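The block underneath contains the structure these notes are about, expressed in structure tokens.
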Amino acid sequence: MNPDDPLLKIIACPLDKGPLTLLALEDALYNPRLHRRYPIVDGIPQLLPSSGEQVAEDEHQRLLGLTAGP
């Protein structure tokens, strides 16, 4: 999945229905509101609630750094 993928505009977190941020280097989608990361396996986002991984505060801060623009 790449940042220009139109799918990114319509997919949402299965828990809060909000937008997700692509973490291209980690093959994952991230919900910074809930601190949850969802894997992308073979190009397919795994968006079942049980597929999400809760992220600790220090990891959350690191991920926010990855998504920040220049």
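Ordering of the structure tokens sets the chain letters (A, B, ...); residue numbers start at 1 within each chain; ligands are numbered from 1 in the order shown.
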Determine, counting only C-alpha atoms, which protein, DNA and RNA residues have an atom within 8 Å of an atom of A:Asp27; residues of the same chain fewer than 3 positions away are not included. Present the result as a list of chain:residue names.
A:Met1, A:Leu22, A:Leu23, A:Ala24, A:Pro39, A:Ile40, A:Val41
Report the residues of stretch 6-64 of chain A whose backbone DSSP state falls under helix (DSSP H, G or I), written as an MDAnalysis selection string.
chainID A and resid 6:9 24:26 49:51 57:64
Can I get the selection written as a short mmCIF file (atom, residue, chain, number, x, y, z; two decimals), in the first residue's frame, with C-alpha atoms?
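Just written: again_24.cif:
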data_model
loop_
_atom_site.label_atom_id
_atom_site.label_comp_id
_atom_site.auth_asym_id
_atom_site.auth_seq_id
_atom_site.Cartn_x
_atom_site.Cartn_y
_atom_site.Cartn_z
CA PRO A 6 -7.36 5.89 -2.90
CA LEU A 7 -8.36 3.17 -0.44
CA LEU A 8 -6.74 5.21 2.34
CA LYS A 9 -9.47 7.84 1.97
CA ALA A 24 4.47 2.66 5.00
CA LEU A 25 7.84 1.68 6.46
CA GLU A 26 6.13 -0.65 8.93
CA PRO A 49 -10.69 -5.30 15.96
CA SER A 50 -8.78 -8.38 17.12
CA SER A 51 -6.05 -7.71 14.52
CA GLU A 57 2.89 5.67 25.01
CA ASP A 58 6.59 5.65 24.04
CA GLU A 59 5.82 3.71 20.84
CA HIS A 60 2.91 6.09 20.14
CA GLN A 61 5.30 9.06 20.32
CA ARG A 62 7.72 7.30 17.96
CA LEU A 63 4.92 6.56 15.48
CA LEU A 64 3.73 10.17 15.59
#
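You will find atom CA of A:Gly52 at 10.3 Å from atom CA of A:Leu34.
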For the strand (DSSP E or B) assignment from backbone DSSP, which residues of chain A qualify? Please present them as number ranges by chain.
A: 12, 19, 21-23, 28-31, 36-41, 44-45, 53-54
Which value, in Å to one decimal, gives the distance between atom CA of A:Gly43 and atom CA of A:Gly18?
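Distance between the two atoms: 20.6 Å.
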By how many Å are atom CA of A:Tyr38 and atom CA of A:Glu53 apart?
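Interatomic distance here is 6.4 Å.
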Within 9 Å of A:Gln54, counting only C-alpha atoms, which residues show up once you throw out same-chain ones fewer than 4 positions away? Write them as an NGL selection string, please.
:A and (34-37)
Could you dump the residues just selected with all heavy atoms as a compact mmCIF listing (two decimals), in the first residue's frame?
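The resulting file, selection-v4.txt, is shown below:
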# COMPACT_ATOMS: atom_id res chain seq x y z
N LEU A 34 -6.65 6.12 19.39
CA LEU A 34 -6.78 4.95 20.28
C LEU A 34 -5.46 4.25 20.54
O LEU A 34 -5.42 3.25 21.25
CB LEU A 34 -7.77 3.95 19.69
CG LEU A 34 -9.21 4.44 19.48
CD1 LEU A 34 -10.06 3.33 18.87
CD2 LEU A 34 -9.81 4.92 20.78
N HIS A 35 -4.38 4.74 19.91
CA HIS A 35 -3.05 4.12 20.04
C HIS A 35 -3.09 2.66 19.57
O HIS A 35 -2.55 1.77 20.21
CB HIS A 35 -2.52 4.18 21.47
CG HIS A 35 -2.31 5.56 21.99
ND1 HIS A 35 -1.38 5.83 22.96
CD2 HIS A 35 -2.89 6.75 21.71
CE1 HIS A 35 -1.40 7.12 23.24
NE2 HIS A 35 -2.32 7.70 22.48
N ARG A 36 -3.73 2.43 18.40
CA ARG A 36 -3.83 1.06 17.87
C ARG A 36 -3.21 1.00 16.48
O ARG A 36 -3.44 1.86 15.64
CB ARG A 36 -5.28 0.60 17.80
CG ARG A 36 -5.83 0.38 19.20
CD ARG A 36 -7.15 -0.32 19.21
NE ARG A 36 -7.14 -1.68 18.72
CZ ARG A 36 -6.81 -2.76 19.42
NH1 ARG A 36 -6.39 -2.64 20.67
NH2 ARG A 36 -6.88 -3.95 18.90
N ARG A 37 -2.44 -0.07 16.27
CA ARG A 37 -1.77 -0.32 14.99
C ARG A 37 -2.38 -1.57 14.37
O ARG A 37 -2.55 -2.59 15.04
CB ARG A 37 -0.27 -0.50 15.23
CG ARG A 37 0.51 -0.83 14.00
CD ARG A 37 2.00 -0.90 14.23
NE ARG A 37 2.35 -1.38 15.55
CZ ARG A 37 3.46 -1.06 16.19
NH1 ARG A 37 4.33 -0.26 15.66
NH2 ARG A 37 3.71 -1.55 17.39
Which of these residues is nearest to A:Pro3, using only C-alpha atoms: A:Thr67, A:Leu48, A:Leu15, A:Asn31?
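Comparing A:Thr67, A:Leu48, A:Leu15, A:Asn31 against A:Pro3, the winner is A:Thr67.
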